[in-house]
There are 2 protein chains.
Amino acid sequence: MKSTGAWAWFQKVVMNWTSISARPLAATPNFVFAGGADALGFSVLISLDRDNSQSLQEQIYTRIREQIMAGVLRPGSPVPSSRILAAQLKVSRNSVIFGYERLINEGYLVARPMVGTFIADILPDQAVGATPNDSTEDLSEISESRGAHVFSGRQHGILNNSSIPIDFWTQRTDPRAFPLKTWRRLVMQSLASAGHNLTEYGDPCGLMALRTEIAEHVGSTRGIQVRPEQVVILAGAQLALNLVLRLLASQGDEIVVENPCNQGAAYLFESHHMRLRPITIDRSGIDANAVAATDARLVYLTPSHQFPMGATLSLEKRRTILRWAQRTGAYVIEDDYDSEFRYDGAPLPAMKALGPDHVIYLGTFSKSLGAGLRTGFAIFPEHLVDAAATAKALLDNGQVWLEQAALARFMQNGGFMRHLRRSQQHYFSRRNALISRMRERFGDVDLLGTEAGTHIAWRLPAAFVPAHNIKAIARTKNIGIYTVQSGGGHEYDGSQFEQNWLLLGYASLSEDQIRAGIDRLEEALKTNEITHGSAQLSRSPLAPS
Amino acid sequence: MKSTGAWAWFQKVVMNWTSISARPLAATPNFVFAGGADALGFSVLISLDRDNSQSLQEQIYTRIREQIMAGVLRPGSPVPSSRILAAQLKVSRNSVIFGYERLINEGYLVARPMVGTFIADILPDQAVGATPNDSTEDLSEISESRGAHVFSGRQHGILNNSSIPIDFWTQRTDPRAFPLKTWRRLVMQSLASAGHNLTEYGDPCGLMALRTEIAEHVGSTRGIQVRPEQVVILAGAQLALNLVLRLLASQGDEIVVENPCNQGAAYLFESHHMRLRPITIDRSGIDANAVAATDARLVYLTPSHQFPMGATLSLEKRRTILRWAQRTGAYVIEDDYDSEFRYDGAPLPAMKALGPDHVIYLGTFSKSLGAGLRTGFAIFPEHLVDAAATAKALLDNGQVWLEQAALARFMQNGGFMRHLRRSQQHYFSRRNALISRMRERFGDVDLLGTEAGTHIAWRLPAAFVPAHNIKAIARTKNIGIYTVQSGGGHEYDGSQFEQNWLLLGYASLSEDQIRAGIDRLEEALKTNEITHGSAQLSRSPLAPS
C-alpha cells in the first residue's frame, strides 16, 4: 500500500491501518489534527491508495463515510474546506469536491452556505426507515426510555437558499409570473369585506367558497366529480400527506412508493415507521403489476409527472392499480402536483376520476400560483369525508383566511384560469428552449418528463462520469443542475437513477437564461474530465443509452 | 312500573322491557316508529317511569344514551324534533330539550343548524381513548385489516356557527378590535416588497424576521430567553401540538392532562392512542404532587389561565412540576394561550422561563390579534431544535408568507404592543362589567379565572339544576353560555365540573351587551325551575358552595 506523502506519519502510529478505526477519538489523541482555521475540531483519518482501482474521489468518499458510520467523526462537527483537505491529501481539489458532493447528496454531510460543511446530525443509515424492512424494530425500546427523543427522520430538500446565477432548481416557478397587481386587488377586496373572518376560527376544512371553486375546477380540468365537502384545504401537499396518514395509516403498515420518489413523501412515511415498498419506475411510470402483487394498504403516486423523473403513468397502468385497490381495499394517494402544465398529448384522466372511492387526490397552488401562498387541498372519497373532517380539526384549526378568500375570488372571476393559461404558455416556451438548446449542444439527448410539468430528467450518456460529478462541475461555472437526491428525490435500493440522470427545472428561468445555462454547461463539461475513459465530450450526437 | 300513555303499547309487545333492547332493529320491526316528517327513519324505544326518582329528562337522557351504545340507534340517523318527541312522550318540551342538550354536550348527539339533530357518527364511548386506560388495545387489529379505516377521534369544539344574539362564547375575541386599517397597510407594504417570497418555498420553521420578533417579545413579556432558531412558526397551537407529538410521543405513552382540559389537546392525544392521565385541577391549577407521582413522559398544561376553568397555576406548583421534569426527563408542554391578558396581580413567569430545557412553549396570535390569521408558534429547548426543524419540514413546508411578513412588521414598529395594550384595556373593562353585573343580579357569585384571559368560570350554587339545564334555559332567551363540554373543554372520570360550572367568554361583547345578557339570564332563570327543590332564584346573595 502506498499512501500519499502528507499522510505517511499515520502509518508510523498505526500499522496496517487501511480503512477505518472504530476506536473513539478520545482514546487516540495522536490522530487528531486541525486542518486549518475553518476545520477547528475536525479530525479525520484518511489513507489514500493511489494504486487502488477506486478513484481518489471514491476513496475520499468511502473513507469519510466509513468513519462517520463508525462514530469516529461525530454528527454536527465541521469538516475541513475542500481547499485545505486537497492540500493536505495532495490531491486535486475536484477530487475532494466530488467526494464531498456525494456525501452531501447522500445525506452524510450538510453544507451550510457561508458557514461550512458539517457531518449531518441525522445520518442516512441511522435514520429509522432508511432500511425500510427493519424500520419498526427499535421503536418500543426508544419509547420506553422516558425523556428519550423519539422522533427520527430526514430533512427533505424543498428549500434552496443558494444564489446560483443560473439555477435549474426543480421546485421553483417564475416569481415574475406571479399576478401581483391582481393579487393585491383581491387581497384588498377580501380585507374590505373581512367582517369577523380575521378574528374568528373558520371551518378547519377550509373556506366553503374556495372548496366550491376547487370542486368545479377539478371537475372541468381533471374530470373529477366531487362535492365541495369532499375538498379539504390545507397548507400544501406535505400537510395533506400527514392528514392522509392520520386517517389511513398505522405504524408498520406497508406503503408502496415510486422509486425514485419524492423525498418529502418518502421521508414522512419513514418517520412514521411505515414499511416502505419502493417499486422502480420506467418511462410509463411505476410497474403496475408489481404494485398489484403487494399486500400494501396504501400507494403514493405522482401520475401526471412522476417526481423526480417526470414519467406520465400510462392509462393501462392506472387501471391496473385501481383494479387492485378495488379488489384489496387499498387506497391510492394521487399527488397531482404538476397536472396544470401539459404540453404534448391529451392529459390522462386523474386516477381520482377513474376510481373515486379508492383515491385520495392531492392538489396544490404552489406550482400554478405560488409556493409562498402555502395553499393546497386534498379530495377524499365520500365515505371518508366525516373522518377526514375530524382528523383535520385535530391536525390544525384551519388555513389562513385571507389567502383562501382572495383565491376563491380569483377562481370565481375566471382570473385564475387566465393566469394558468399564461403560465402554461410561458413554461411551454421555456421547455422548448431548453430541449432545443440541449439538442444543439449535446446532440440527441435522452430526456424524460418533457410532455408535462416544470422540469425534465436527462439520462447521461453511458460513458459519462456519475451525475453528481457533472453537477459539481456545473456548479463551478455557476450553473445549478441536480441529481435525483439533490433535486428533492430519493432512490432506494441502488443508485442507477442517482448516478445516471440529472434534473433540470426550467419554469423560473427566461429563455435567454436557459440557453446561456446550457451553453456554459457544455463549456464546463468540455474542459473537464467527464467520461470514464479519456474521450472528451464531442459535439457529435451521443446516442441515448 | 307505570309507563306514560303513549308508550303503553310497547309493553304489550315486550314484557318487562325497562331499559334497552340490544336486539338490532331489523329483527324487531314492530318497535319502529316514525316520529314525524323530520324524524324519518328514526326509531327509538323510550319507556318513562313517572314514579322513578330520576327526573323525566334524566330518563330520556339515559334511555337514548343506552340505546345508542347498544347500537339500536345507529350513528348518523336523525332523532325527532323536541316538539314531536315531547308530544309523543306526553312530557314538557323542556324535558326533551334538556335531555337532548346533555346528549349533545356529551357527544352522543350532534345538532346541525337548520337540518336537525342526529346520532353522532363517532360516539364518545367508542372513541378510542375515551377510556384512556384501554385505548391502545384494538389498534393492531384495526391496522391488520387491509383497507380498514384506522383513524378514530372526536371532533373538538373550536367552531361556533350559531348566531345567538348575545353569545358568551369562550373562543372569540372582538372583531371590531382588529386593527384593520393598520393591517391593510402592513399587508400592502409586505406585498410591495414581496420579491420571490410569494412563489418560493420558505424555511419550514418560519420567516426569520418573525421568529426574531417573537423571541424578543417572549423575552420582554414572559421572561423567556431564546434564540430565534428555537422559535418555530405554525398555523396555531393545534398544529404545534401535532409537531410536539411527532417529536416526543409514541403510541401508548402516558401523558398527563389537566382535568377538565382543552378538547383540542385531549382528543388529539386520544387519537394518537396515548394513555391519558387526567389530574383534577383546583383553584391554583393542577395537583402538582399528583403529576410528580406519575411515570408520564409528557404533561400538557395551560398555566396562565387554565382551559377551561381559568385557574392560574401557582408558582410553587410550577416549580414542583419542573423539578419532577428535570428529575425524570419528562417534558412540559406549556400552552400559554391567554397569557397576554392579565388583569389582577403580577404575571407569573412562564414555566419555559423557569425550566428552559424541559418545557416546550406554545404561543398564539389567535387571542392577541385574530384567529383568522392562523399564526402561532412553538419554542423548543436548544437540544431539540434540529429535530424539531426536521419534523416540522415533514409536517408542512411552512406557513403562508404574507401574514408572517405583515406580523413581523407590526411587531418591529411597536404597533403590536400598542394594539395589545388597547385590547387589554378593552377586555379588562368587559371583565369588570361582567363581574359587577353578575354580583348585582346573582349576589356573591363564585367565579374562577377572573384575573386573566378572556373568559371566566362560574360555579353554580349547590341547589341549582345541572349546568347544561341552565345553558338550555339561557338559550331559549337567546343567551349563549356554556358548560365545560360545550365550551370546548372535556372532563374525564366524572362530571363535577360539567354539572356545576358555566363558562362565560366576554372578550367579543360590548359592556352593554354583557349587562343585557346577564339581565336576560337572570330573568330566564327566575321564570324557570332551576333549583332541585321548589325554591326559585332569589335576589339574596347565594353563598358560594
# chains A, B, ... in the order shown; residues from 1 in each chain; ligands from 1
>>> closest_atom_pairs(of="chain A", to="chain B", cutoff="7 Å", atoms="only C-alpha atoms", output="tab-separated table")
residue	atom	partner	partner_atom	distance
A:Ser143	CA	B:Ser250	CA	6.0
A:Arg146	CA	B:Arg297	CA	5.7
A:Gly147	CA	B:Gly329	CA	4.3
A:His149	CA	B:Leu248	CA	5.7
A:Val150	CA	B:Leu248	CA	5.2
A:Phe151	CA	B:Leu247	CA	4.7
A:Gly153	CA	B:Thr390	CA	6.7
A:Arg154	CA	B:Thr390	CA	6.4
A:Gln155	CA	B:Thr390	CA	5.0
A:Leu159	CA	B:Tyr201	CA	6.1
A:Arg172	CA	B:Glu200	CA	6.3
A:Thr173	CA	B:Thr199	CA	6.4
A:Pro175	CA	B:His196	CA	5.1
A:His196	CA	B:Pro175	CA	5.1
A:Asn197	CA	B:Gly372	CA	5.7
A:Leu198	CA	B:Gly372	CA	4.1
A:Thr199	CA	B:Gly370	CA	3.8
A:Glu200	CA	B:Ala371	CA	5.2
A:Tyr201	CA	B:Ala371	CA	5.3
A:Gly202	CA	B:Leu159	CA	6.8
A:Asp203	CA	B:Leu159	CA	6.8
A:Gln238	CA	B:Asp396	CA	5.1
A:Leu239	CA	B:Asp396	CA	4.7
A:Asn242	CA	B:Leu395	CA	6.4
A:Arg246	CA	B:Phe151	CA	6.3
A:Leu247	CA	B:Phe151	CA	4.7
A:Leu248	CA	B:Val150	CA	5.3
A:Ala249	CA	B:Val150	CA	6.5
A:Ser250	CA	B:Ser143	CA	6.0
A:Gly264	CA	B:Leu394	CA	6.4
A:Leu268	CA	B:Leu394	CA	5.6
A:Arg297	CA	B:Arg146	CA	5.7
A:Gly329	CA	B:Gly147	CA	4.3
A:Ala330	CA	B:Gly147	CA	5.0
A:Gly370	CA	B:Thr199	CA	3.8
A:Ala371	CA	B:Thr199	CA	4.7
A:Gly372	CA	B:Leu198	CA	4.1
A:Leu373	CA	B:Val400	CA	5.1
A:Arg374	CA	B:Val400	CA	5.1
A:Thr390	CA	B:Gln155	CA	5.0
A:Ala391	CA	B:Gly153	CA	7.0
A:Ala393	CA	B:Gln155	CA	6.9
A:Leu394	CA	B:Leu268	CA	5.6
A:Leu395	CA	B:Leu239	CA	5.5
A:Asp396	CA	B:Leu239	CA	4.7
A:Asn397	CA	B:Gln238	CA	6.6
A:Gln399	CA	B:Arg374	CA	6.4
A:Val400	CA	B:Leu373	CA	5.1
A:Trp401	CA	B:Gly372	CA	5.4
>>> write_last_selection(atoms="N, CA and C atoms", output="compact mmCIF listing (two decimals), in the first residue's frame")
# COMPACT_ATOMS: atom_id res chain seq x y z
N SER A 143 -39.25 4.28 22.93
CA SER A 143 -40.34 4.94 23.62
C SER A 143 -40.40 4.53 25.09
N ARG A 146 -37.83 6.96 29.25
CA ARG A 146 -38.52 8.23 29.48
C ARG A 146 -37.62 9.40 29.13
N GLY A 147 -38.20 10.40 28.53
CA GLY A 147 -37.40 11.57 28.19
C GLY A 147 -36.59 11.35 26.94
N HIS A 149 -35.75 10.84 23.09
CA HIS A 149 -36.17 11.68 22.00
C HIS A 149 -36.59 10.72 20.89
N VAL A 150 -37.90 10.63 20.69
CA VAL A 150 -38.46 9.57 19.88
C VAL A 150 -38.30 9.81 18.38
N PHE A 151 -38.51 11.04 17.96
CA PHE A 151 -38.56 11.30 16.52
C PHE A 151 -37.23 11.05 15.85
N GLY A 153 -35.96 11.30 11.72
CA GLY A 153 -36.39 11.50 10.34
C GLY A 153 -35.32 12.25 9.60
N ARG A 154 -35.51 12.32 8.28
CA ARG A 154 -34.53 13.02 7.47
C ARG A 154 -35.13 14.32 6.96
N GLN A 155 -34.29 15.29 6.82
CA GLN A 155 -34.70 16.58 6.29
C GLN A 155 -34.86 16.43 4.79
N LEU A 159 -36.22 23.28 0.07
CA LEU A 159 -35.70 24.63 0.22
C LEU A 159 -34.40 24.75 -0.55
N ARG A 172 -39.15 25.37 -8.40
CA ARG A 172 -39.30 26.82 -8.42
C ARG A 172 -40.11 27.23 -9.64
N THR A 173 -41.06 28.12 -9.42
CA THR A 173 -41.75 28.72 -10.55
C THR A 173 -41.27 30.15 -10.70
N PRO A 175 -41.03 33.91 -10.27
CA PRO A 175 -41.57 34.98 -9.43
C PRO A 175 -42.18 36.11 -10.27
N HIS A 196 -65.90 39.33 10.52
CA HIS A 196 -65.31 38.63 11.66
C HIS A 196 -64.29 37.57 11.23
N ASN A 197 -64.04 37.46 9.92
CA ASN A 197 -63.20 36.36 9.46
C ASN A 197 -61.75 36.44 9.92
N LEU A 198 -61.29 37.65 10.25
CA LEU A 198 -59.91 37.77 10.70
C LEU A 198 -59.75 37.38 12.16
N THR A 199 -60.85 37.43 12.91
CA THR A 199 -60.75 37.15 14.35
C THR A 199 -61.39 35.84 14.75
N GLU A 200 -62.17 35.24 13.87
CA GLU A 200 -62.92 34.03 14.23
C GLU A 200 -62.23 32.79 13.66
N TYR A 201 -62.37 31.68 14.37
CA TYR A 201 -61.95 30.41 13.80
C TYR A 201 -62.88 30.07 12.64
N GLY A 202 -62.32 29.57 11.56
CA GLY A 202 -63.15 29.12 10.44
C GLY A 202 -63.28 27.61 10.48
N ASP A 203 -63.98 27.07 9.51
CA ASP A 203 -64.08 25.62 9.39
C ASP A 203 -62.67 25.06 9.18
N GLN A 238 -47.65 18.50 1.57
CA GLN A 238 -46.95 17.82 2.67
C GLN A 238 -47.88 17.65 3.87
N LEU A 239 -48.59 18.71 4.22
CA LEU A 239 -49.54 18.62 5.33
C LEU A 239 -50.68 17.67 4.97
N ASN A 242 -49.72 14.23 5.72
CA ASN A 242 -49.84 13.96 7.15
C ASN A 242 -51.29 13.62 7.51
N ARG A 246 -52.74 10.17 9.12
CA ARG A 246 -53.55 10.14 10.33
C ARG A 246 -54.81 9.31 10.10
N LEU A 247 -55.33 9.43 8.90
CA LEU A 247 -56.62 8.83 8.60
C LEU A 247 -56.50 7.34 8.30
N LEU A 248 -55.47 6.96 7.59
CA LEU A 248 -55.45 5.62 7.00
C LEU A 248 -54.27 4.76 7.37
N ALA A 249 -53.26 5.31 8.03
CA ALA A 249 -52.05 4.52 8.21
C ALA A 249 -51.77 4.22 9.67
N SER A 250 -51.19 3.08 9.90
CA SER A 250 -50.66 2.73 11.20
C SER A 250 -49.19 2.40 11.05
N GLY A 264 -40.03 14.38 0.26
CA GLY A 264 -40.97 14.85 1.28
C GLY A 264 -41.95 13.76 1.69
N LEU A 268 -41.36 11.25 5.12
CA LEU A 268 -42.50 11.30 6.05
C LEU A 268 -42.95 9.87 6.39
N ARG A 297 -51.43 -1.39 1.89
CA ARG A 297 -52.72 -0.73 2.11
C ARG A 297 -52.77 0.60 1.39
N GLY A 329 -59.09 -3.24 -1.27
CA GLY A 329 -59.44 -2.19 -0.31
C GLY A 329 -58.30 -1.23 -0.02
N ALA A 330 -57.26 -1.28 -0.83
CA ALA A 330 -56.15 -0.34 -0.65
C ALA A 330 -56.56 1.04 -1.16
N GLY A 370 -48.24 30.07 -6.52
CA GLY A 370 -47.03 30.40 -5.78
C GLY A 370 -46.91 29.60 -4.50
N ALA A 371 -45.69 29.08 -4.25
CA ALA A 371 -45.47 28.24 -3.07
C ALA A 371 -45.59 29.05 -1.78
N GLY A 372 -45.37 30.37 -1.88
CA GLY A 372 -45.46 31.23 -0.69
C GLY A 372 -46.87 31.40 -0.17
N LEU A 373 -47.87 31.00 -0.98
CA LEU A 373 -49.26 31.07 -0.52
C LEU A 373 -49.60 29.88 0.37
N ARG A 374 -48.79 28.85 0.32
CA ARG A 374 -49.00 27.65 1.14
C ARG A 374 -50.45 27.19 1.09
N THR A 390 -62.86 15.32 11.01
CA THR A 390 -62.45 15.22 12.41
C THR A 390 -60.93 15.20 12.54
N ALA A 391 -60.30 14.41 11.70
CA ALA A 391 -58.84 14.31 11.75
C ALA A 391 -58.20 15.65 11.39
N ALA A 393 -59.44 18.65 11.90
CA ALA A 393 -59.59 19.58 13.02
C ALA A 393 -58.57 19.27 14.11
N LEU A 394 -58.26 17.99 14.31
CA LEU A 394 -57.25 17.64 15.32
C LEU A 394 -55.84 17.96 14.83
N LEU A 395 -55.68 18.08 13.52
CA LEU A 395 -54.37 18.42 12.94
C LEU A 395 -54.12 19.93 13.04
N ASP A 396 -55.06 20.71 12.52
CA ASP A 396 -54.97 22.16 12.73
C ASP A 396 -56.36 22.75 12.62
N ASN A 397 -56.48 23.97 13.14
CA ASN A 397 -57.80 24.60 13.14
C ASN A 397 -58.05 25.42 11.89
N GLN A 399 -56.96 26.92 7.76
CA GLN A 399 -55.98 27.65 6.96
C GLN A 399 -56.22 29.16 7.10
N VAL A 400 -55.15 29.93 6.92
CA VAL A 400 -55.26 31.39 6.96
C VAL A 400 -56.44 31.83 6.09
N TRP A 401 -57.26 32.74 6.61
CA TRP A 401 -58.48 33.11 5.90
C TRP A 401 -58.20 33.94 4.64
>>> select_by_dssp(residues="region 232-455 of chain B", states="strand (DSSP E or B)", output="PyMOL selection string")
chain B and resi 232-234+254-259+261-262+275-282+285-286+298-301+331-335+342+359-364+376-379+446-448+452+455
>>> write_last_selection(atoms="C-alpha atoms", output="mmCIF file, in the first residue's frame")
data_model
loop_
_atom_site.group_PDB
_atom_site.id
_atom_site.type_symbol
_atom_site.label_atom_id
_atom_site.label_comp_id
_atom_site.auth_asym_id
_atom_site.auth_seq_id
_atom_site.Cartn_x
_atom_site.Cartn_y
_atom_site.Cartn_z
ATOM 1 C CA VAL B 232 -40.991 27.627 15.032
ATOM 2 C CA ILE B 233 -43.920 29.378 13.358
ATOM 3 C CA LEU B 234 -47.018 27.233 12.898
ATOM 4 C CA GLU B 254 -48.608 8.272 29.195
ATOM 5 C CA ILE B 255 -49.457 11.950 29.076
ATOM 6 C CA VAL B 256 -50.779 13.987 31.972
ATOM 7 C CA VAL B 257 -53.597 16.410 31.170
ATOM 8 C CA GLU B 258 -55.484 18.808 33.364
ATOM 9 C CA ASN B 259 -58.980 17.646 34.277
ATOM 10 C CA CYS B 261 -58.908 20.038 29.907
ATOM 11 C CA ASN B 262 -58.812 21.529 26.446
ATOM 12 C CA ARG B 275 -52.623 6.871 27.646
ATOM 13 C CA LEU B 276 -54.252 9.943 29.110
ATOM 14 C CA ARG B 277 -53.722 10.589 32.781
ATOM 15 C CA PRO B 278 -56.208 13.314 33.752
ATOM 16 C CA ILE B 279 -55.360 15.014 37.049
ATOM 17 C CA THR B 280 -58.047 17.193 38.567
ATOM 18 C CA ILE B 281 -57.387 20.884 38.988
ATOM 19 C CA ASP B 282 -58.262 23.136 41.888
ATOM 20 C CA GLY B 285 -54.318 24.671 38.887
ATOM 21 C CA ILE B 286 -53.383 21.027 38.533
ATOM 22 C CA LEU B 298 -45.268 14.451 28.872
ATOM 23 C CA VAL B 299 -47.604 16.818 30.656
ATOM 24 C CA TYR B 300 -49.835 19.281 28.851
ATOM 25 C CA LEU B 301 -50.617 22.423 30.878
ATOM 26 C CA TYR B 331 -41.304 17.392 29.116
ATOM 27 C CA VAL B 332 -43.880 20.048 29.942
ATOM 28 C CA ILE B 333 -45.982 21.353 27.057
ATOM 29 C CA GLU B 334 -46.848 24.860 28.220
ATOM 30 C CA ASP B 335 -49.819 26.195 26.267
ATOM 31 C CA ARG B 342 -53.626 39.651 32.885
ATOM 32 C CA VAL B 359 -40.538 22.956 28.505
ATOM 33 C CA ILE B 360 -41.949 23.325 25.017
ATOM 34 C CA TYR B 361 -43.765 26.614 24.955
ATOM 35 C CA LEU B 362 -46.791 27.195 22.704
ATOM 36 C CA GLY B 363 -47.999 30.672 21.890
ATOM 37 C CA THR B 364 -50.632 32.016 19.547
ATOM 38 C CA GLY B 376 -48.897 30.661 16.359
ATOM 39 C CA PHE B 377 -45.532 29.375 17.426
ATOM 40 C CA ALA B 378 -43.708 26.766 19.440
ATOM 41 C CA ILE B 379 -40.457 27.329 21.293
ATOM 42 C CA ASP B 446 -68.289 32.081 42.944
ATOM 43 C CA LEU B 447 -66.045 32.814 39.961
ATOM 44 C CA LEU B 448 -62.761 31.347 38.743
ATOM 45 C CA ALA B 452 -56.614 36.777 33.410
ATOM 46 C CA HIS B 455 -63.497 34.062 29.834
#
>>> residues_around(residues="Asp338 (chain B)", least_positions_apart="6", cutoff="7 Å", atoms="only C-alpha atoms", output="VMD selection string")
chain B and resid 304 to 305 367 453
>>> closest_residue(among="B:Ala353, B:Phe464, B:Pro308, B:Phe168", to="Ser510 (chain B)", atoms="only C-alpha atoms")
B:Phe168
>>> atom_distance(atom1="CA of Gln225 (chain A)", atom2="CA of Val291 (chain A)")
26.0 Å
>>> select_by_dssp(residues="region 214-446 of chain A", states="helix (DSSP H, G or I)", output="ChimeraX atom specification")
/A:214-222,228-230,237-248,263-271,288-292,315-328,351-354,356-358,366-373,382-395,401-412,415-442
>>> residues_around(residues="Ile224 (chain B)", least_positions_apart="3", cutoff="9 Å", atoms="only C-alpha atoms", output="PyMOL selection string")
chain B and resi 215-221+349-354+356
>>> write_last_selection(atoms="N, CA and C atoms", output="JSON list (two decimals), in the first residue's frame")
[["chain", "number", "residue", "atom", "x", "y", "z"],
["B", 215, "ALA", "N", -39.01, 36.00, 19.53],
["B", 215, "ALA", "CA", -38.01, 35.73, 20.57],
["B", 215, "ALA", "C", -37.85, 36.95, 21.47],
["B", 216, "GLU", "N", -37.84, 38.14, 20.87],
["B", 216, "GLU", "CA", -37.72, 39.36, 21.68],
["B", 216, "GLU", "C", -38.97, 39.58, 22.52],
["B", 217, "HIS", "N", -40.14, 39.34, 21.92],
["B", 217, "HIS", "CA", -41.41, 39.56, 22.60],
["B", 217, "HIS", "C", -41.55, 38.66, 23.83],
["B", 218, "VAL", "N", -41.29, 37.38, 23.68],
["B", 218, "VAL", "CA", -41.43, 36.49, 24.84],
["B", 218, "VAL", "C", -40.34, 36.75, 25.88],
["B", 219, "GLY", "N", -39.22, 37.33, 25.43],
["B", 219, "GLY", "CA", -38.19, 37.73, 26.38],
["B", 219, "GLY", "C", -38.68, 38.85, 27.27],
["B", 220, "SER", "N", -39.28, 39.86, 26.66],
["B", 220, "SER", "CA", -39.69, 41.02, 27.45],
["B", 220, "SER", "C", -41.00, 40.79, 28.18],
["B", 221, "THR", "N", -41.91, 39.97, 27.64],
["B", 221, "THR", "CA", -43.21, 39.82, 28.29],
["B", 221, "THR", "C", -43.31, 38.57, 29.15],
["B", 349, "PRO", "N", -43.92, 34.06, 36.10],
["B", 349, "PRO", "CA", -43.02, 33.73, 34.97],
["B", 349, "PRO", "C", -43.52, 32.47, 34.26],
["B", 350, "ALA", "N", -43.31, 32.44, 32.96],
["B", 350, "ALA", "CA", -43.66, 31.24, 32.19],
["B", 350, "ALA", "C", -42.85, 30.06, 32.72],
["B", 351, "MET", "N", -43.42, 28.87, 32.64],
["B", 351, "MET", "CA", -42.66, 27.67, 33.04],
["B", 351, "MET", "C", -41.42, 27.54, 32.17],
["B", 352, "LYS", "N", -41.55, 27.96, 30.90],
["B", 352, "LYS", "CA", -40.42, 27.92, 29.98],
["B", 352, "LYS", "C", -39.26, 28.77, 30.50],
["B", 353, "ALA", "N", -39.59, 29.89, 31.19],
["B", 353, "ALA", "CA", -38.55, 30.75, 31.73],
["B", 353, "ALA", "C", -37.88, 30.09, 32.93],
["B", 354, "LEU", "N", -38.65, 29.29, 33.67],
["B", 354, "LEU", "CA", -38.13, 28.66, 34.89],
["B", 354, "LEU", "C", -37.35, 27.37, 34.59],
["B", 356, "PRO", "N", -36.06, 26.05, 31.13],
["B", 356, "PRO", "CA", -35.98, 26.14, 29.67],
["B", 356, "PRO", "C", -35.75, 24.81, 28.95]]
>>> atom_distance(atom1="CA of Arg318 (chain B)", atom2="CA of Asp357 (chain B)")
14.3 Å
>>> residues_around(residues="region 468-484 of chain B", least_positions_apart="4", cutoff="10 Å", atoms="only C-alpha atoms", output="PyMOL selection string")
chain B and resi 57+94-95+97-105+162-170+260-263+307-309+457-458+460+464+488-491+495+497-505+516-518+520-525+527-531
>>> write_last_selection(atoms="C-alpha atoms", output="CSV table (one decimal), in the first residue's frame")
chain,number,residue,atom,x,y,z
B,57,GLN,CA,-85.3,14.5,31.4
B,94,ASN,CA,-88.1,21.3,28.2
B,95,SER,CA,-87.6,17.8,29.4
B,97,ILE,CA,-84.6,19.7,25.2
B,98,PHE,CA,-82.6,19.2,28.4
B,99,GLY,CA,-82.2,15.5,27.7
B,100,TYR,CA,-81.0,16.3,24.1
B,101,GLU,CA,-78.8,19.1,25.3
B,102,ARG,CA,-77.0,16.8,27.6
B,103,LEU,CA,-76.6,14.1,24.9
B,104,ILE,CA,-75.2,16.8,22.6
B,105,ASN,CA,-72.9,18.1,25.3
B,162,SER,CA,-74.6,29.7,15.9
B,163,SER,CA,-75.9,33.2,15.7
B,164,ILE,CA,-77.0,33.7,19.3
B,165,PRO,CA,-77.7,37.4,19.7
B,166,ILE,CA,-75.7,37.6,23.0
B,167,ASP,CA,-73.2,34.9,23.0
B,168,PHE,CA,-70.7,34.4,25.8
B,169,TRP,CA,-68.7,32.0,23.6
B,170,THR,CA,-65.4,31.1,25.1
B,260,PRO,CA,-61.1,19.2,32.9
B,261,CYS,CA,-58.9,20.0,29.9
B,262,ASN,CA,-58.8,21.5,26.4
B,263,GLN,CA,-60.7,19.3,24.0
B,307,PHE,CA,-58.6,26.0,29.9
B,308,PRO,CA,-61.5,25.7,30.5
B,309,MET,CA,-61.6,26.6,34.2
B,457,ALA,CA,-65.9,30.1,35.0
B,458,TRP,CA,-69.0,30.4,37.3
B,460,LEU,CA,-73.4,27.4,40.3
B,464,PHE,CA,-79.2,24.6,41.1
B,488,GLY,CA,-64.5,23.5,24.3
B,489,GLY,CA,-63.4,21.6,27.4
B,490,HIS,CA,-63.7,18.0,28.4
B,491,GLU,CA,-64.0,16.4,31.8
B,495,SER,CA,-69.0,15.3,35.8
B,497,PHE,CA,-67.2,20.4,36.6
B,498,GLU,CA,-69.7,19.6,33.8
B,499,GLN,CA,-72.6,19.7,36.1
B,500,ASN,CA,-71.7,22.6,38.4
B,501,TRP,CA,-69.9,25.2,36.4
B,502,LEU,CA,-70.7,27.5,33.5
B,503,LEU,CA,-68.2,29.3,31.2
B,504,LEU,CA,-68.7,32.8,30.0
B,505,GLY,CA,-66.5,34.5,27.4
B,516,ALA,CA,-78.1,43.0,28.9
B,517,GLY,CA,-77.0,39.3,28.7
B,518,ILE,CA,-76.7,38.9,32.4
B,520,ARG,CA,-81.8,38.4,30.5
B,521,LEU,CA,-80.2,35.4,32.0
B,522,GLU,CA,-81.5,36.3,35.4
B,523,GLU,CA,-85.0,36.8,34.1
B,524,ALA,CA,-84.9,33.4,32.3
B,525,LEU,CA,-83.7,31.7,35.4
B,527,THR,CA,-89.2,32.1,35.4
B,528,ASN,CA,-87.9,28.5,35.1
B,529,GLU,CA,-87.5,25.8,37.6
B,530,ILE,CA,-83.8,25.9,38.2
B,531,THR,CA,-83.3,24.5,41.6
>>> atom_distance(atom1="CA of Glu229 (chain A)", atom2="CA of Met208 (chain A)")
8.0 Å
